[in-house]
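S.K.: Take a look at this one; I'll ask things after.
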Amino acid sequence: MNFENTLAFAQSMDQADPLHDLREDFLFPQQNGKPFIYLCGNSLGLQPKAARKVMEEQLNNWENLAVEGWFEGDTPWMFYHKELKKMMAPIVGASVAEVCPMNTLTVNLHLLMVSFYKPTATKFKIIMEAGAFPSDQYAIESQVRFHGYDPATAIIEVAPRTDEYTLRTEDITDAIATNGNEIALVLFGGVNYFTGQWFDMEAITKAGHAAGAMVGFDLAHAAGNVPLKLHDWNIDFACWCSYKYQNSGPGGISGIFVHEKHFSDGKLNRFAGWWGYQEQQRFKMEKGFVPEPGADGWQVSCTQVMPMALYYASLQSFEKAGFMEPLRNKSKTLSAYLFFVINEVNKVLGEEQYKIITPITEVDRGAQVSIIAKQKGREVFQGLVANNVLGDWREPNVIRLSPVPLYNSFEDVFTTGELLLDISKKLL
Ligand SMILES: *Cc1c(COP(=O)(O)O)cnc(C)c1O
C-alpha cells in the first residue's frame, strides 16, 4: 500500500475502515478536556462501555439472588464461564473445551508447569527466550528450583545475535535441536513484550516436539493481538492475561489452553481444587479428586464472576468485529502506517533518531511498534504524553506504541507522527 503522511489520507483510511466505529464501544482517558490518543493497549486495554453494564447486572444478581445466583437468574454463576469459553476459543484458535477463564496469568503459568514440566534425571531443562517478561523468568526459575535443579544450568535462554534486537527462528529451533536430549519443556512468549516480535510459534512447537519436549506459550501480548491456531499448531498448553489486548480491566482474569490430546492423560500432575472436579458431581463433596474433562479440569477455586463479567463485556466487542481475522487485517495496515510515519519523522530529522526494533514483516509482529530513541528518549516520551499521546516507556530508551484495531484510527497514527516530529524539533 502507498501511504501518505497527510491528515486527508489518514481520514480516508478511516472512512474506508469497516471497524472504525468500534472505537465508540470504548472509554478514552482525558487530559485537559481532550481524549488521549491511546497507544498503550499492549499494557492495559481501554474500558469497554459495556463493562459498567455487565458489572451492574452482576451486582443486581448478587443483591437480588445472593447465594441463589449460583444456579438462578439469566446467567447462573455456576455456568457463566461457559459463555466466555465460546468467545475465547475463536480468539486463540482452540475448541471450546480446550480453553477456560481462571485465576491470573502467572498463577496459571505455575499451574500449567505443574502439569507439563515433568523433568527427569537426564531431561530436565527448560528453554526460553532471553529477556522474557520478568514474571515468566521468576516463575520458571522457581519451578526449576522446586524440582531440585539449579536455574543456572537448568534454564537455557535463546538470545538475539550481537547487534540484533530480535530472535531468528533458526536460532531458536537450532538451540532446541542442539539441546534436545536435555530439554523437558520449551516455554516461550507468543509476542515479546519489549520488541513486539511475534515468534514463529508453529516452528518452535515442531522443534520442541521433535526433541521430545512439551511446548507451552505465554500469550500475554499475543492473545487478542495476532491470530492464533493453538489447536492446529499442536501446542501443548498456553495461558494469557485478558487485560492487555482484551480489555478486561486491571488484574483481569486469565485464560488457559490445554490441547485436547492431553485430556485423557490421567498421569498429569495437577494442583487441584474443588472447581476442577467433575461439574455434575461437584456438590456431592466426595473424597478423591476426579477432574472435569477439558481445560475446566484445571480450575482450582470457585469461579471469579466479577472479573469474568468484565472480560465478557470486552469479548462482545471482539464478537462484533468478527473476531480475529477482520481485526488482524486492520491491525497489519494500521501498524504498517505507524512504521511509515516514524520513518517520515526520521527523514525530516535527517537521521535515524528513532530506530524501530520491531520486525516490519507482518508474520513477525502484531500491533506493537517499539522504537529506540537515540537521544532524550524520556523527554520525547513525556512530550508525547503532555500532548495527549499515551504510549509507554521502557528503560533505558524504548518507547512502545501500540495502535489497537478495536479502538485506534489512522488519524491517531498520523497525529502521533506529527507530534513526534514537533517534539523532536523542539528538544533535539
Ligand atoms: C503482562 C505479562 C505478565 C503479567 O502477569 P500477571 O500474572 O498478569 O501479573 C506476565 N507475563 C508476560 C509475558 C506479560 O506480558
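By convention in this document, the chains of the C-alpha cells carry letters A, B, ... by their order, each chain's residues are numbered from 1, and ligands are numbered from 1 in the order they are shown.
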To check your reading of the model: which residues sit at most 6 Å from ligand 1 when counting only C-alpha atoms and all ligand atoms? Write the answer as an NGL selection string.

M.R.: :A and (104-106 or 133 or 135-136 or 189 or 193 or 218 or 220-221 or 241)

S.K.: Just the residues within 10 Å of region 182-185 of chain A, please, counting only C-alpha atoms, with nothing from its chain fewer than 4 positions along; format it as a ChimeraX atom specification.

M.R.: /A:113,116-128,154-156,176-178,208-209,211-216

S.K.: What parts of region 244-398 of chain A does DSSP call helix (DSSP H, G or I)? I'd like the answer as an MDAnalysis selection string.

M.R.: chainID A and resid 260:262 274:276 279:284 295:298 305:321 324:349 362:364 377:386

S.K.: Could you pull out all residues of region 147-389 of chain A with a DSSP call of strand (DSSP E) and give them as an mmCIF file with all heavy atoms, in the first residue's frame?

M.R.:
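Just written: result_39.cif:
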data_model
loop_
_atom_site.group_PDB
_atom_site.id
_atom_site.type_symbol
_atom_site.label_atom_id
_atom_site.label_comp_id
_atom_site.auth_asym_id
_atom_site.auth_seq_id
_atom_site.Cartn_x
_atom_site.Cartn_y
_atom_site.Cartn_z
ATOM 1 N N ILE A 155 18.087 -23.760 32.999
ATOM 2 C CA ILE A 155 17.366 -22.861 32.077
ATOM 3 C C ILE A 155 18.298 -22.448 30.943
ATOM 4 O O ILE A 155 19.393 -21.945 31.172
ATOM 5 C CB ILE A 155 16.848 -21.603 32.817
ATOM 6 C CG1 ILE A 155 15.865 -22.009 33.922
ATOM 7 C CG2 ILE A 155 16.182 -20.642 31.832
ATOM 8 C CD1 ILE A 155 15.412 -20.870 34.814
ATOM 9 N N ILE A 156 17.849 -22.684 29.735
ATOM 10 C CA ILE A 156 18.614 -22.249 28.561
ATOM 11 C C ILE A 156 17.871 -21.076 27.936
ATOM 12 O O ILE A 156 16.682 -21.183 27.619
ATOM 13 C CB ILE A 156 18.721 -23.386 27.520
ATOM 14 C CG1 ILE A 156 19.410 -24.603 28.142
ATOM 15 C CG2 ILE A 156 19.453 -22.910 26.269
ATOM 16 C CD1 ILE A 156 19.347 -25.848 27.272
ATOM 17 N N GLU A 157 18.572 -19.960 27.772
ATOM 18 C CA GLU A 157 17.945 -18.779 27.162
ATOM 19 C C GLU A 157 18.488 -18.580 25.750
ATOM 20 O O GLU A 157 19.700 -18.591 25.548
ATOM 21 C CB GLU A 157 18.248 -17.530 27.988
ATOM 22 C CG GLU A 157 17.531 -17.515 29.326
ATOM 23 C CD GLU A 157 17.666 -16.180 30.055
ATOM 24 O OE1 GLU A 157 18.586 -15.386 29.717
ATOM 25 O OE2 GLU A 157 16.847 -15.932 30.943
ATOM 26 N N VAL A 158 17.572 -18.358 24.819
ATOM 27 C CA VAL A 158 17.995 -18.061 23.448
ATOM 28 C C VAL A 158 17.990 -16.547 23.281
ATOM 29 O O VAL A 158 16.973 -15.891 23.508
ATOM 30 C CB VAL A 158 17.043 -18.694 22.411
ATOM 31 C CG1 VAL A 158 17.622 -18.545 21.019
ATOM 32 C CG2 VAL A 158 16.764 -20.147 22.734
ATOM 33 N N ILE A 183 16.164 -31.305 27.136
ATOM 34 C CA ILE A 183 15.058 -30.361 27.327
ATOM 35 C C ILE A 183 13.739 -31.077 27.647
ATOM 36 O O ILE A 183 13.295 -31.947 26.910
ATOM 37 C CB ILE A 183 14.866 -29.489 26.069
ATOM 38 C CG1 ILE A 183 16.096 -28.612 25.853
ATOM 39 C CG2 ILE A 183 13.644 -28.597 26.212
ATOM 40 C CD1 ILE A 183 16.041 -27.823 24.566
ATOM 41 N N ALA A 184 13.147 -30.670 28.749
ATOM 42 C CA ALA A 184 11.841 -31.214 29.125
ATOM 43 C C ALA A 184 10.715 -30.302 28.638
ATOM 44 O O ALA A 184 9.616 -30.767 28.353
ATOM 45 C CB ALA A 184 11.747 -31.360 30.644
ATOM 46 N N LEU A 185 11.008 -28.992 28.581
ATOM 47 C CA LEU A 185 9.946 -28.031 28.268
ATOM 48 C C LEU A 185 10.495 -26.867 27.447
ATOM 49 O O LEU A 185 11.554 -26.319 27.758
ATOM 50 C CB LEU A 185 9.350 -27.493 29.588
ATOM 51 C CG LEU A 185 8.321 -26.362 29.490
ATOM 52 C CD1 LEU A 185 7.052 -26.824 28.783
ATOM 53 C CD2 LEU A 185 7.969 -25.837 30.889
ATOM 54 N N VAL A 186 9.755 -26.513 26.408
ATOM 55 C CA VAL A 186 10.022 -25.291 25.658
ATOM 56 C C VAL A 186 8.920 -24.311 26.063
ATOM 57 O O VAL A 186 7.739 -24.613 25.920
ATOM 58 C CB VAL A 186 9.948 -25.549 24.131
ATOM 59 C CG1 VAL A 186 10.123 -24.246 23.360
ATOM 60 C CG2 VAL A 186 10.976 -26.596 23.712
ATOM 61 N N LEU A 187 9.331 -23.165 26.629
ATOM 62 C CA LEU A 187 8.315 -22.203 27.098
ATOM 63 C C LEU A 187 8.677 -20.809 26.595
ATOM 64 O O LEU A 187 9.640 -20.198 27.045
ATOM 65 C CB LEU A 187 8.236 -22.241 28.627
ATOM 66 C CG LEU A 187 7.125 -21.413 29.271
ATOM 67 C CD1 LEU A 187 5.770 -21.678 28.643
ATOM 68 C CD2 LEU A 187 7.046 -21.708 30.762
ATOM 69 N N PHE A 188 7.890 -20.345 25.643
ATOM 70 C CA PHE A 188 8.183 -19.068 25.003
ATOM 71 C C PHE A 188 7.007 -18.116 25.152
ATOM 72 O O PHE A 188 5.886 -18.527 25.420
ATOM 73 C CB PHE A 188 8.440 -19.287 23.499
ATOM 74 C CG PHE A 188 9.903 -19.298 23.154
ATOM 75 C CD1 PHE A 188 10.700 -20.366 23.513
ATOM 76 C CD2 PHE A 188 10.472 -18.233 22.467
ATOM 77 C CE1 PHE A 188 12.054 -20.375 23.214
ATOM 78 C CE2 PHE A 188 11.825 -18.232 22.152
ATOM 79 C CZ PHE A 188 12.620 -19.300 22.518
ATOM 80 N N GLY A 189 7.284 -16.828 24.948
ATOM 81 C CA GLY A 189 6.194 -15.887 24.770
ATOM 82 C C GLY A 189 5.674 -16.044 23.338
ATOM 83 O O GLY A 189 6.403 -16.524 22.465
ATOM 84 N N MET A 214 7.712 -30.970 25.924
ATOM 85 C CA MET A 214 6.420 -30.301 25.929
ATOM 86 C C MET A 214 6.647 -28.862 25.459
ATOM 87 O O MET A 214 7.733 -28.304 25.674
ATOM 88 C CB MET A 214 5.844 -30.251 27.347
ATOM 89 C CG MET A 214 5.382 -31.584 27.861
ATOM 90 S SD MET A 214 3.820 -32.021 27.069
ATOM 91 C CE MET A 214 3.502 -33.565 27.917
ATOM 92 N N VAL A 215 5.612 -28.261 24.868
ATOM 93 C CA VAL A 215 5.749 -26.889 24.381
ATOM 94 C C VAL A 215 4.575 -26.036 24.861
ATOM 95 O O VAL A 215 3.414 -26.375 24.626
ATOM 96 C CB VAL A 215 5.812 -26.843 22.835
ATOM 97 C CG1 VAL A 215 5.988 -25.405 22.353
ATOM 98 C CG2 VAL A 215 6.936 -27.728 22.311
ATOM 99 N N GLY A 216 4.918 -24.960 25.563
ATOM 100 C CA GLY A 216 3.886 -24.049 26.058
ATOM 101 C C GLY A 216 4.213 -22.612 25.696
ATOM 102 O O GLY A 216 5.368 -22.269 25.422
ATOM 103 N N PHE A 217 3.182 -21.763 25.679
ATOM 104 C CA PHE A 217 3.373 -20.343 25.350
ATOM 105 C C PHE A 217 2.664 -19.440 26.349
ATOM 106 O O PHE A 217 1.547 -19.729 26.786
ATOM 107 C CB PHE A 217 2.837 -20.035 23.944
ATOM 108 C CG PHE A 217 3.737 -20.520 22.849
ATOM 109 C CD1 PHE A 217 3.561 -21.797 22.313
ATOM 110 C CD2 PHE A 217 4.765 -19.732 22.369
ATOM 111 C CE1 PHE A 217 4.394 -22.262 21.314
ATOM 112 C CE2 PHE A 217 5.616 -20.183 21.371
ATOM 113 C CZ PHE A 217 5.424 -21.454 20.835
ATOM 114 N N ASP A 218 3.333 -18.342 26.677
ATOM 115 C CA ASP A 218 2.690 -17.253 27.401
ATOM 116 C C ASP A 218 2.208 -16.259 26.343
ATOM 117 O O ASP A 218 3.021 -15.652 25.640
ATOM 118 C CB ASP A 218 3.688 -16.580 28.351
ATOM 119 C CG ASP A 218 3.023 -15.457 29.145
ATOM 120 O OD1 ASP A 218 2.084 -14.814 28.610
ATOM 121 O OD2 ASP A 218 3.450 -15.206 30.278
ATOM 122 N N PHE A 237 0.180 -26.414 25.761
ATOM 123 C CA PHE A 237 -0.574 -25.577 26.696
ATOM 124 C C PHE A 237 -0.215 -24.114 26.480
ATOM 125 O O PHE A 237 0.845 -23.789 25.915
ATOM 126 C CB PHE A 237 -0.295 -25.981 28.154
ATOM 127 C CG PHE A 237 1.103 -25.651 28.623
ATOM 128 C CD1 PHE A 237 1.374 -24.448 29.264
ATOM 129 C CD2 PHE A 237 2.153 -26.534 28.414
ATOM 130 C CE1 PHE A 237 2.662 -24.131 29.686
ATOM 131 C CE2 PHE A 237 3.446 -26.224 28.841
ATOM 132 C CZ PHE A 237 3.699 -25.026 29.475
ATOM 133 N N ALA A 238 -1.076 -23.237 26.950
ATOM 134 C CA ALA A 238 -0.804 -21.802 26.859
ATOM 135 C C ALA A 238 -1.661 -21.079 27.893
ATOM 136 O O ALA A 238 -2.640 -21.626 28.405
ATOM 137 C CB ALA A 238 -1.132 -21.277 25.454
ATOM 138 N N CYS A 239 -1.250 -19.854 28.209
ATOM 139 C CA CYS A 239 -2.090 -19.018 29.060
ATOM 140 C C CYS A 239 -1.844 -17.557 28.695
ATOM 141 O O CYS A 239 -0.856 -17.229 28.046
ATOM 142 C CB CYS A 239 -1.816 -19.277 30.543
ATOM 143 S SG CYS A 239 -0.086 -19.341 31.008
ATOM 144 N N TRP A 240 -2.779 -16.728 29.073
ATOM 145 C CA TRP A 240 -2.690 -15.303 28.720
ATOM 146 C C TRP A 240 -3.429 -14.488 29.762
ATOM 147 O O TRP A 240 -4.259 -15.028 30.510
ATOM 148 C CB TRP A 240 -3.288 -15.044 27.329
ATOM 149 C CG TRP A 240 -4.699 -15.522 27.152
ATOM 150 C CD1 TRP A 240 -5.845 -14.806 27.342
ATOM 151 C CD2 TRP A 240 -5.136 -16.840 26.757
ATOM 152 N NE1 TRP A 240 -6.950 -15.576 27.090
ATOM 153 C CE2 TRP A 240 -6.551 -16.835 26.730
ATOM 154 C CE3 TRP A 240 -4.454 -18.030 26.427
ATOM 155 C CZ2 TRP A 240 -7.295 -17.972 26.384
ATOM 156 C CZ3 TRP A 240 -5.217 -19.146 26.085
ATOM 157 C CH2 TRP A 240 -6.612 -19.114 26.065
ATOM 158 N N CYS A 241 -3.123 -13.198 29.812
ATOM 159 C CA CYS A 241 -3.936 -12.309 30.610
ATOM 160 C C CYS A 241 -4.931 -11.665 29.651
ATOM 161 O O CYS A 241 -4.703 -11.630 28.450
ATOM 162 C CB CYS A 241 -3.082 -11.252 31.301
ATOM 163 S SG CYS A 241 -2.003 -10.352 30.192
ATOM 164 N N SER A 254 -7.409 -14.425 33.777
ATOM 165 C CA SER A 254 -6.539 -15.037 32.775
ATOM 166 C C SER A 254 -7.290 -16.145 32.045
ATOM 167 O O SER A 254 -8.354 -16.597 32.487
ATOM 168 C CB SER A 254 -5.313 -15.595 33.488
ATOM 169 O OG SER A 254 -4.590 -16.503 32.685
ATOM 170 N N GLY A 255 -6.738 -16.576 30.919
ATOM 171 C CA GLY A 255 -7.301 -17.722 30.208
ATOM 172 C C GLY A 255 -6.236 -18.791 30.051
ATOM 173 O O GLY A 255 -5.046 -18.473 29.971
ATOM 174 N N ILE A 256 -6.675 -20.052 30.025
ATOM 175 C CA ILE A 256 -5.715 -21.123 29.739
ATOM 176 C C ILE A 256 -6.179 -21.930 28.533
ATOM 177 O O ILE A 256 -7.368 -21.960 28.194
ATOM 178 C CB ILE A 256 -5.498 -22.099 30.932
ATOM 179 C CG1 ILE A 256 -6.734 -22.980 31.168
ATOM 180 C CG2 ILE A 256 -5.102 -21.351 32.194
ATOM 181 C CD1 ILE A 256 -6.408 -24.276 31.891
ATOM 182 N N PHE A 257 -5.194 -22.572 27.911
ATOM 183 C CA PHE A 257 -5.447 -23.522 26.823
ATOM 184 C C PHE A 257 -4.711 -24.816 27.156
ATOM 185 O O PHE A 257 -3.538 -24.778 27.522
ATOM 186 C CB PHE A 257 -4.909 -22.951 25.505
ATOM 187 C CG PHE A 257 -4.743 -23.984 24.410
ATOM 188 C CD1 PHE A 257 -5.808 -24.317 23.583
ATOM 189 C CD2 PHE A 257 -3.529 -24.634 24.220
ATOM 190 C CE1 PHE A 257 -5.653 -25.274 22.580
ATOM 191 C CE2 PHE A 257 -3.364 -25.595 23.220
ATOM 192 C CZ PHE A 257 -4.434 -25.906 22.397
ATOM 193 N N VAL A 258 -5.426 -25.921 27.052
ATOM 194 C CA VAL A 258 -4.768 -27.235 27.138
ATOM 195 C C VAL A 258 -5.212 -28.017 25.911
ATOM 196 O O VAL A 258 -6.424 -28.123 25.641
ATOM 197 C CB VAL A 258 -5.163 -27.991 28.418
ATOM 198 C CG1 VAL A 258 -4.538 -29.390 28.423
ATOM 199 C CG2 VAL A 258 -4.737 -27.228 29.664
ATOM 200 N N TYR A 354 14.859 7.693 15.592
ATOM 201 C CA TYR A 354 14.000 6.651 16.173
ATOM 202 C C TYR A 354 14.208 5.343 15.429
ATOM 203 O O TYR A 354 13.753 5.176 14.303
ATOM 204 C CB TYR A 354 12.530 7.082 16.132
ATOM 205 C CG TYR A 354 12.346 8.384 16.876
ATOM 206 C CD1 TYR A 354 12.123 9.582 16.207
ATOM 207 C CD2 TYR A 354 12.481 8.424 18.266
ATOM 208 C CE1 TYR A 354 12.014 10.785 16.899
ATOM 209 C CE2 TYR A 354 12.381 9.618 18.962
ATOM 210 C CZ TYR A 354 12.147 10.787 18.273
ATOM 211 O OH TYR A 354 12.063 11.965 18.958
ATOM 212 N N LYS A 355 14.930 4.455 16.085
ATOM 213 C CA LYS A 355 15.216 3.164 15.447
ATOM 214 C C LYS A 355 14.112 2.183 15.812
ATOM 215 O O LYS A 355 13.875 1.909 16.993
ATOM 216 C CB LYS A 355 16.569 2.638 15.941
ATOM 217 C CG LYS A 355 16.962 1.347 15.274
ATOM 218 C CD LYS A 355 18.312 0.864 15.780
ATOM 219 C CE LYS A 355 18.700 -0.460 15.144
ATOM 220 N NZ LYS A 355 18.685 -0.451 13.683
ATOM 221 N N ILE A 356 13.436 1.666 14.805
ATOM 222 C CA ILE A 356 12.350 0.710 15.057
ATOM 223 C C ILE A 356 12.964 -0.676 15.252
ATOM 224 O O ILE A 356 13.681 -1.159 14.371
ATOM 225 C CB ILE A 356 11.352 0.697 13.880
ATOM 226 C CG1 ILE A 356 10.770 2.105 13.668
ATOM 227 C CG2 ILE A 356 10.242 -0.315 14.147
ATOM 228 C CD1 ILE A 356 9.844 2.235 12.475
ATOM 229 N N VAL A 369 4.643 -1.387 18.058
ATOM 230 C CA VAL A 369 5.852 -0.904 17.389
ATOM 231 C C VAL A 369 6.760 -0.322 18.476
ATOM 232 O O VAL A 369 6.394 0.644 19.147
ATOM 233 C CB VAL A 369 5.520 0.160 16.318
ATOM 234 C CG1 VAL A 369 6.798 0.647 15.638
ATOM 235 C CG2 VAL A 369 4.538 -0.393 15.281
ATOM 236 N N SER A 370 7.926 -0.922 18.655
ATOM 237 C CA SER A 370 8.880 -0.452 19.679
ATOM 238 C C SER A 370 9.982 0.334 18.995
ATOM 239 O O SER A 370 10.563 -0.138 18.016
ATOM 240 C CB SER A 370 9.516 -1.631 20.421
ATOM 241 O OG SER A 370 8.532 -2.378 21.077
ATOM 242 N N ILE A 371 10.261 1.513 19.529
ATOM 243 C CA ILE A 371 11.328 2.319 18.941
ATOM 244 C C ILE A 371 12.363 2.692 19.991
ATOM 245 O O ILE A 371 12.033 2.936 21.150
ATOM 246 C CB ILE A 371 10.787 3.604 18.254
ATOM 247 C CG1 ILE A 371 9.980 4.474 19.232
ATOM 248 C CG2 ILE A 371 9.924 3.253 17.064
ATOM 249 C CD1 ILE A 371 9.409 5.739 18.582
ATOM 250 N N ILE A 372 13.615 2.708 19.560
ATOM 251 C CA ILE A 372 14.684 3.186 20.435
ATOM 252 C C ILE A 372 14.942 4.640 20.075
ATOM 253 O O ILE A 372 15.183 4.959 18.899
ATOM 254 C CB ILE A 372 15.974 2.367 20.237
ATOM 255 C CG1 ILE A 372 15.756 0.942 20.743
ATOM 256 C CG2 ILE A 372 17.156 3.022 20.955
ATOM 257 C CD1 ILE A 372 16.995 0.090 20.680
ATOM 258 N N ALA A 373 14.866 5.501 21.092
ATOM 259 C CA ALA A 373 15.159 6.906 20.848
ATOM 260 C C ALA A 373 16.660 7.116 21.045
ATOM 261 O O ALA A 373 17.206 6.779 22.091
ATOM 262 C CB ALA A 373 14.365 7.771 21.811
ATOM 263 N N VAL A 389 -0.751 11.973 23.850
ATOM 264 C CA VAL A 389 -0.479 10.666 23.235
ATOM 265 C C VAL A 389 0.087 9.758 24.314
ATOM 266 O O VAL A 389 1.154 10.030 24.874
ATOM 267 C CB VAL A 389 0.537 10.768 22.070
ATOM 268 C CG1 VAL A 389 0.862 9.383 21.520
ATOM 269 C CG2 VAL A 389 -0.010 11.662 20.966
#

S.K.: Fewer than 3 positions away in the same chain doesn't count, so skip those; otherwise give me all residues within 10 Å of Tyr38 (chain A), counting only C-alpha atoms, as a list in words.

M.R.: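 Listing them by chain and then by number gives Phe28, Pro29, Gln30, Pro35, Gly41, Gly45, Leu46, Val385, Asn388, Val389, Leu390, Gly391, Asp392, Leu401, Ser402, Pro403, Val404, Tyr407, Asn408 and Asp412 of chain A.
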
S.K.: Could you dump the residues just selected with N, CA, C and O atoms as a compact mmCIF listing (two decimals), in the first residue's frame?

M.R.:
# COMPACT_ATOMS: atom_id res chain seq x y z
N PHE A 28 -12.25 6.60 26.57
CA PHE A 28 -10.86 7.08 26.46
C PHE A 28 -10.52 8.00 27.64
O PHE A 28 -11.31 8.88 27.98
N PRO A 29 -9.33 7.80 28.23
CA PRO A 29 -8.94 8.71 29.29
C PRO A 29 -8.75 10.12 28.72
O PRO A 29 -8.44 10.27 27.54
N GLN A 30 -8.96 11.12 29.57
CA GLN A 30 -8.92 12.51 29.11
C GLN A 30 -7.79 13.27 29.81
O GLN A 30 -7.42 12.94 30.93
N PRO A 35 -9.61 13.81 24.82
CA PRO A 35 -9.26 12.39 24.98
C PRO A 35 -7.82 12.12 24.52
O PRO A 35 -7.32 12.76 23.59
N GLY A 41 -2.55 -0.16 24.59
CA GLY A 41 -3.37 -1.36 24.74
C GLY A 41 -2.54 -2.62 24.95
O GLY A 41 -3.06 -3.66 25.36
N GLY A 45 -5.70 -2.50 28.22
CA GLY A 45 -6.71 -2.12 27.24
C GLY A 45 -7.71 -1.14 27.84
O GLY A 45 -7.87 -1.04 29.06
N LEU A 46 -8.39 -0.40 26.96
CA LEU A 46 -9.38 0.59 27.41
C LEU A 46 -10.63 -0.07 27.98
O LEU A 46 -10.94 -1.22 27.67
N VAL A 385 3.18 12.50 25.98
CA VAL A 385 2.12 12.42 26.99
C VAL A 385 1.50 13.81 27.21
O VAL A 385 0.27 13.95 27.25
N ASN A 388 -1.11 14.61 24.84
CA ASN A 388 -2.25 13.67 24.75
C ASN A 388 -1.99 12.41 23.91
O ASN A 388 -2.93 11.87 23.33
N VAL A 389 -0.75 11.97 23.85
CA VAL A 389 -0.48 10.67 23.23
C VAL A 389 0.09 9.76 24.31
O VAL A 389 1.15 10.03 24.87
N LEU A 390 -0.64 8.68 24.61
CA LEU A 390 -0.21 7.80 25.69
C LEU A 390 0.29 6.47 25.13
O LEU A 390 -0.49 5.63 24.70
N GLY A 391 1.61 6.35 25.11
CA GLY A 391 2.23 5.05 24.79
C GLY A 391 2.85 4.57 26.08
O GLY A 391 2.37 4.91 27.16
N ASP A 392 3.93 3.80 26.03
CA ASP A 392 4.65 3.59 27.28
C ASP A 392 6.15 3.55 27.10
O ASP A 392 6.68 3.43 26.00
N LEU A 401 4.64 1.83 21.19
CA LEU A 401 3.40 2.42 20.70
C LEU A 401 2.58 1.31 20.05
O LEU A 401 3.07 0.64 19.14
N SER A 402 1.37 1.12 20.54
CA SER A 402 0.55 0.02 20.01
C SER A 402 -0.80 0.52 19.53
O SER A 402 -1.71 0.70 20.33
N PRO A 403 -0.92 0.72 18.23
CA PRO A 403 -2.25 1.05 17.71
C PRO A 403 -3.11 -0.22 17.72
O PRO A 403 -2.73 -1.23 17.14
N VAL A 404 -4.23 -0.15 18.40
CA VAL A 404 -5.09 -1.32 18.59
C VAL A 404 -6.28 -1.21 17.63
O VAL A 404 -6.98 -0.20 17.64
N TYR A 407 -9.86 0.12 18.71
CA TYR A 407 -10.20 1.50 19.07
C TYR A 407 -9.23 2.57 18.57
O TYR A 407 -9.39 3.74 18.91
N ASN A 408 -8.21 2.19 17.82
CA ASN A 408 -7.34 3.24 17.27
C ASN A 408 -7.65 3.46 15.79
O ASN A 408 -8.13 2.57 15.10
N ASP A 412 -5.24 8.73 14.44
CA ASP A 412 -4.43 8.64 15.67
C ASP A 412 -2.95 8.49 15.31
O ASP A 412 -2.07 9.13 15.90

S.K.: Please compute the CA of Phe339 (chain A)-CA of Lys426 (chain A) distance, one decimal, in Å.

M.R.: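 Here the two named atoms are 21.9 Å from each other.
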
S.K.: Quick one: residues within 10 Å of Pro307 (chain A), only C-alpha atoms counted, chain neighbours fewer than 6 positions away excluded, as a list in words?

M.R.: Met55, Pro101, Met102, Asn103, Ser242, Ser248, Gly249, Pro250, Gly251, Gly252, Ile253 and Ser254 of chain A

S.K.: Quick one: write out the picked residues with all heavy atoms as a short mmCIF file (atom, residue, chain, number, x, y, z; two decimals), in the first residue's frame?

M.R.:
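What ended up in again23.cif:
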data_model
loop_
_atom_site.label_atom_id
_atom_site.label_comp_id
_atom_site.auth_asym_id
_atom_site.auth_seq_id
_atom_site.Cartn_x
_atom_site.Cartn_y
_atom_site.Cartn_z
N MET A 55 -21.24 -5.23 34.98
CA MET A 55 -20.98 -5.22 36.43
C MET A 55 -22.27 -4.93 37.19
O MET A 55 -22.57 -5.56 38.20
CB MET A 55 -19.92 -4.17 36.79
CG MET A 55 -18.51 -4.56 36.48
SD MET A 55 -18.05 -6.15 37.18
CE MET A 55 -17.64 -5.66 38.83
N PRO A 101 -11.49 -19.62 31.41
CA PRO A 101 -11.03 -18.45 32.16
C PRO A 101 -10.84 -18.82 33.63
O PRO A 101 -11.70 -19.50 34.22
CB PRO A 101 -12.20 -17.46 32.01
CG PRO A 101 -13.42 -18.32 31.84
CD PRO A 101 -12.96 -19.62 31.23
N MET A 102 -9.74 -18.39 34.20
CA MET A 102 -9.49 -18.69 35.62
C MET A 102 -8.28 -17.89 36.13
O MET A 102 -7.39 -17.56 35.36
CB MET A 102 -9.22 -20.18 35.83
CG MET A 102 -7.98 -20.70 35.11
SD MET A 102 -7.66 -22.45 35.38
CE MET A 102 -8.83 -23.19 34.26
N ASN A 103 -8.25 -17.58 37.38
CA ASN A 103 -7.06 -17.05 38.06
C ASN A 103 -6.45 -15.85 37.34
O ASN A 103 -7.13 -15.14 36.61
CB ASN A 103 -6.00 -18.15 38.23
CG ASN A 103 -6.57 -19.43 38.79
OD1 ASN A 103 -7.32 -19.38 39.74
ND2 ASN A 103 -6.25 -20.55 38.20
N SER A 242 -6.02 -11.15 30.16
CA SER A 242 -7.04 -10.59 29.28
C SER A 242 -7.11 -9.07 29.40
O SER A 242 -7.97 -8.45 28.80
CB SER A 242 -8.39 -11.21 29.62
OG SER A 242 -8.70 -10.96 30.98
N SER A 248 -10.01 -6.37 29.71
CA SER A 248 -10.86 -6.87 30.80
C SER A 248 -10.63 -6.13 32.11
O SER A 248 -11.18 -6.53 33.14
CB SER A 248 -10.61 -8.36 31.00
OG SER A 248 -9.33 -8.54 31.58
N GLY A 249 -9.79 -5.10 32.09
CA GLY A 249 -9.59 -4.30 33.30
C GLY A 249 -8.40 -4.76 34.12
O GLY A 249 -7.96 -5.91 34.02
N PRO A 250 -7.88 -3.85 34.96
CA PRO A 250 -6.65 -4.14 35.72
C PRO A 250 -6.80 -5.40 36.57
O PRO A 250 -7.78 -5.57 37.28
CB PRO A 250 -6.48 -2.90 36.61
CG PRO A 250 -7.79 -2.19 36.58
CD PRO A 250 -8.45 -2.54 35.28
N GLY A 251 -5.82 -6.27 36.46
CA GLY A 251 -5.87 -7.54 37.21
C GLY A 251 -6.90 -8.51 36.68
O GLY A 251 -7.26 -9.47 37.36
N GLY A 252 -7.37 -8.27 35.47
CA GLY A 252 -8.43 -9.10 34.87
C GLY A 252 -8.08 -10.58 34.85
O GLY A 252 -6.93 -10.98 35.01
N ILE A 253 -9.13 -11.37 34.62
CA ILE A 253 -8.96 -12.82 34.69
C ILE A 253 -8.09 -13.33 33.54
O ILE A 253 -8.04 -12.73 32.48
CB ILE A 253 -10.35 -13.50 34.69
CG1 ILE A 253 -10.27 -14.93 35.20
CG2 ILE A 253 -10.99 -13.44 33.30
CD1 ILE A 253 -11.59 -15.46 35.71
N SER A 254 -7.41 -14.42 33.78
CA SER A 254 -6.54 -15.04 32.77
C SER A 254 -7.29 -16.15 32.04
O SER A 254 -8.35 -16.60 32.49
CB SER A 254 -5.31 -15.60 33.49
OG SER A 254 -4.59 -16.50 32.68
#

S.K.: For Ala295 (chain A), which of A:Ala89, A:Ile172, A:Met13, A:Ala66 is the closest residue, counting only C-alpha atoms?

M.R.: A:Ala89
